[in-house]
file run.pdb (PDB, C-alpha atoms, pLDDT in the B column)
MODEL        1
ATOM      1  CA  MET A 175       0.000   0.000   0.000  1.00 67.00           C
ATOM      2  CA  PRO A 176       1.407   3.445  -0.863  1.00 79.00           C
ATOM      3  CA  GLU A 177       2.246   5.978   1.848  1.00 95.00           C
ATOM      4  CA  ILE A 178      -0.836   8.246   1.701  1.00 97.00           C
ATOM      5  CA  THR A 179      -1.102  11.555   3.532  1.00 96.00           C
ATOM      6  CA  TRP A 180      -4.812  12.020   4.295  1.00 97.00           C
ATOM      7  CA  GLU A 181      -6.511  15.386   4.782  1.00 95.00           C
ATOM      8  CA  ASP A 182      -9.041  15.854   7.574  1.00 95.00           C
ATOM      9  CA  PRO A 183     -12.452  14.376   6.651  1.00 93.00           C
ATOM     10  CA  TYR A 184     -15.005  16.432   4.720  1.00 91.00           C
ATOM     11  CA  CYS A 185     -18.363  15.764   6.347  1.00 90.00           C
ATOM     12  CA  ALA A 186     -21.939  16.786   5.637  1.00 81.00           C
ATOM     13  CA  GLU A 187     -24.682  16.716   8.225  1.00 77.00           C
ATOM     14  CA  ALA A 188     -25.860  13.173   8.992  1.00 69.00           C
ATOM     15  CA  SER A 189     -23.907  11.595   6.126  1.00 76.00           C
ATOM     16  CA  ALA A 190     -20.646   9.837   5.398  1.00 79.00           C
ATOM     17  CA  CYS A 191     -17.368  11.691   5.643  1.00 92.00           C
ATOM     18  CA  PHE A 192     -14.927  11.599   2.757  1.00 93.00           C
ATOM     19  CA  ARG A 193     -11.157  11.976   2.868  1.00 95.00           C
ATOM     20  CA  ILE A 194      -8.776  13.132   0.169  1.00 95.00           C
ATOM     21  CA  GLY A 195      -5.137  12.097   0.256  1.00 96.00           C
ATOM     22  CA  ILE A 196      -1.960  12.344  -1.785  1.00 95.00           C
ATOM     23  CA  ASP A 197       1.283  10.419  -2.060  1.00 95.00           C
ATOM     24  CA  SER A 198       4.815  11.392  -3.028  1.00 94.00           C
ATOM     25  CA  ARG A 199       4.433  10.028  -6.576  1.00 93.00           C
ATOM     26  CA  GLY A 200       1.734  12.476  -7.690  1.00 89.00           C
ATOM     27  CA  ASN A 201      -1.295  10.285  -7.036  1.00 95.00           C
ATOM     28  CA  ALA A 202      -4.513  11.434  -5.380  1.00 96.00           C
ATOM     29  CA  TYR A 203      -6.923   9.304  -3.328  1.00 96.00           C
ATOM     30  CA  ILE A 204     -10.552   9.558  -2.204  1.00 96.00           C
ATOM     31  CA  ALA A 205     -12.024   7.306   0.489  1.00 96.00           C
ATOM     32  CA  VAL A 206     -14.818   7.159   3.029  1.00 94.00           C
ATOM     33  CA  SER A 207     -13.500   8.138   6.446  1.00 93.00           C
ATOM     34  CA  GLY A 208     -12.808   5.004   8.450  1.00 92.00           C
ATOM     35  CA  ALA A 209     -12.427   2.857   5.324  1.00 94.00           C
ATOM     36  CA  GLU A 210      -9.277   4.400   3.862  1.00 95.00           C
ATOM     37  CA  GLU A 211      -8.003   0.985   2.762  1.00 94.00           C
ATOM     38  CA  HIS A 212     -10.772   1.024   0.090  1.00 96.00           C
ATOM     39  CA  TYR A 213      -9.886   4.061  -1.989  1.00 96.00           C
ATOM     40  CA  VAL A 214     -10.258   5.373  -5.515  1.00 96.00           C
ATOM     41  CA  THR A 215      -7.032   6.695  -6.998  1.00 96.00           C
ATOM     42  CA  ASP A 216      -5.970   8.769  -9.986  1.00 96.00           C
ATOM     43  CA  SER A 217      -3.493  11.545 -10.712  1.00 94.00           C
ATOM     44  CA  ARG A 218      -3.507  14.855  -8.862  1.00 92.00           C
ATOM     45  CA  ASP A 219      -4.416  16.494 -12.187  1.00 94.00           C
ATOM     46  CA  ALA A 220      -7.504  14.271 -12.423  1.00 94.00           C
ATOM     47  CA  LEU A 221      -8.501  15.156  -8.850  1.00 91.00           C
ATOM     48  CA  ARG A 222      -7.978  18.856  -9.612  1.00 92.00           C
ATOM     49  CA  ALA A 223     -10.228  18.569 -12.683  1.00 95.00           C
ATOM     50  CA  LEU A 224     -12.895  16.701 -10.676  1.00 92.00           C
ATOM     51  CA  ILE A 225     -12.963  19.373  -7.967  1.00 92.00           C
ATOM     52  CA  ARG A 226     -13.127  22.186 -10.539  1.00 96.00           C
ATOM     53  CA  ASP A 227     -16.003  20.494 -12.372  1.00 96.00           C
ATOM     54  CA  ILE A 228     -17.913  19.935  -9.128  1.00 93.00           C
ATOM     55  CA  LYS A 229     -17.401  23.578  -8.134  1.00 94.00           C
ATOM     56  CA  ALA A 230     -18.617  24.623 -11.601  1.00 97.00           C
ATOM     57  CA  GLY A 231     -21.898  22.769 -10.997  1.00 96.00           C
ATOM     58  CA  LYS A 232     -21.332  19.866 -13.379  1.00 96.00           C
ATOM     59  CA  ALA A 233     -22.437  17.365 -10.719  1.00 93.00           C
ATOM     60  CA  ASP A 234     -25.439  19.315  -9.408  1.00 94.00           C
ATOM     61  CA  HIS A 235     -27.836  16.863 -11.060  1.00 93.00           C
ATOM     62  CA  LEU A 236     -26.630  14.242  -8.561  1.00 87.00           C
ATOM     63  CA  LEU A 237     -27.862  16.259  -5.580  1.00 83.00           C
TER      64      LEU A 237
ENDMDL
END

call {"tool": "encode", "arguments": {"input": "run.pdb", "output": "structure tokens"}}
result
Amino acid sequence: MPEITWEDPYCAEASACFRIGIDSRGNAYIAVSGAEEHYVTDSRDALRALIRDIKAGKADHLL
């Protein structure tokens, strides 16, 4: 397992908390808090694009 540095959890009211992490090789990780061993991984550039798209409202239809 890679050495992942996890950020503090991002939590909404009465729902699961998510964590974002990075490693020294340029990879980014997303996991549910408490289940960090089951993560989704991609490049930091892909994570950056995902966050920008979410902030731009491209995922609003999922809410």

call {"tool": "atom_distance", "arguments": {"input": "run.pdb", "atom1": "atom CA of A:His235", "atom2": "atom CA of A:Tyr184"}}
result
20.3 Å

call {"tool": "residues_around", "arguments": {"input": "run.pdb", "residues": "stretch 217-224 of chain A", "least_positions_apart": "4", "cutoff": "6 Å", "atoms": "only C-alpha atoms", "output": "PyMOL selection string"}}
result
chain A and resi 200-202

call {"tool": "resolve_selection", "arguments": {"input": "run.pdb", "expression": "the PyMOL selection byres ((chain A and resi 194) around 9)", "output": "PyMOL selection string"}}
result
chain A and resi 179-184+192-193+195-196+202-206

call {"tool": "axis_aligned_box", "arguments": {"input": "run.pdb", "around": "stretch 196-200 of chain A", "padding_each_side": "3 Å", "output": "JSON"}}
result
{"center_x": 1.4, "center_y": 11.3, "center_z": -4.7, "size_x": 12.8, "size_y": 8.4, "size_z": 11.9}

call {"tool": "atom_distance", "arguments": {"input": "run.pdb", "atom1": "atom CA of A:Gly208", "atom2": "atom CA of A:Ile228"}}
result
23.6 Å

call {"tool": "atom_distance", "arguments": {"input": "run.pdb", "atom1": "atom CA of A:Tyr213", "atom2": "atom CA of A:Gly231"}}
result
24.0 Å

call {"tool": "closest_residue", "arguments": {"input": "run.pdb", "among": "A:Glu177, A:Ala230, A:Leu236, A:Ile225", "to": "A:Arg199", "atoms": "only C-alpha atoms"}}
result
A:Glu177

call {"tool": "closest_residue", "arguments": {"input": "run.pdb", "among": "A:Ala209, A:Val214, A:Ile178, A:Leu237", "to": "A:Ala190", "atoms": "all atoms listed in the file"}}
result
A:Ala209

call {"tool": "decode", "arguments": {"input": "run.pdb", "residues": "stretch 214-225 of chain A", "atoms": "N, CA and C atoms", "output": "short mmCIF file (atom, residue, chain, number, x, y, z; two decimals), in the first residue's frame"}}
result
data_model
loop_
_atom_site.label_atom_id
_atom_site.label_comp_id
_atom_site.auth_asym_id
_atom_site.auth_seq_id
_atom_site.Cartn_x
_atom_site.Cartn_y
_atom_site.Cartn_z
N VAL A 214 -10.31 5.15 -4.07
CA VAL A 214 -10.26 5.37 -5.52
C VAL A 214 -9.03 6.24 -5.74
N THR A 215 -8.24 5.92 -6.76
CA THR A 215 -7.03 6.69 -7.00
C THR A 215 -6.91 7.11 -8.46
N ASP A 216 -6.28 8.24 -8.66
CA ASP A 216 -5.97 8.77 -9.99
C ASP A 216 -4.86 9.81 -9.79
N SER A 217 -4.54 10.52 -10.83
CA SER A 217 -3.49 11.54 -10.71
C SER A 217 -4.02 12.78 -9.98
N ARG A 218 -3.11 13.60 -9.50
CA ARG A 218 -3.51 14.86 -8.86
C ARG A 218 -4.20 15.75 -9.88
N ASP A 219 -3.76 15.70 -11.14
CA ASP A 219 -4.42 16.49 -12.19
C ASP A 219 -5.87 16.07 -12.37
N ALA A 220 -6.13 14.76 -12.30
CA ALA A 220 -7.50 14.27 -12.42
C ALA A 220 -8.35 14.72 -11.23
N LEU A 221 -7.78 14.69 -10.03
CA LEU A 221 -8.50 15.16 -8.85
C LEU A 221 -8.78 16.65 -8.97
N ARG A 222 -7.80 17.41 -9.43
CA ARG A 222 -7.98 18.86 -9.61
C ARG A 222 -9.12 19.13 -10.59
N ALA A 223 -9.16 18.40 -11.70
CA ALA A 223 -10.23 18.57 -12.68
C ALA A 223 -11.59 18.19 -12.10
N LEU A 224 -11.65 17.11 -11.32
CA LEU A 224 -12.89 16.70 -10.68
C LEU A 224 -13.41 17.79 -9.74
N ILE A 225 -12.54 18.33 -8.91
CA ILE A 225 -12.96 19.37 -7.97
C ILE A 225 -13.44 20.61 -8.72
#
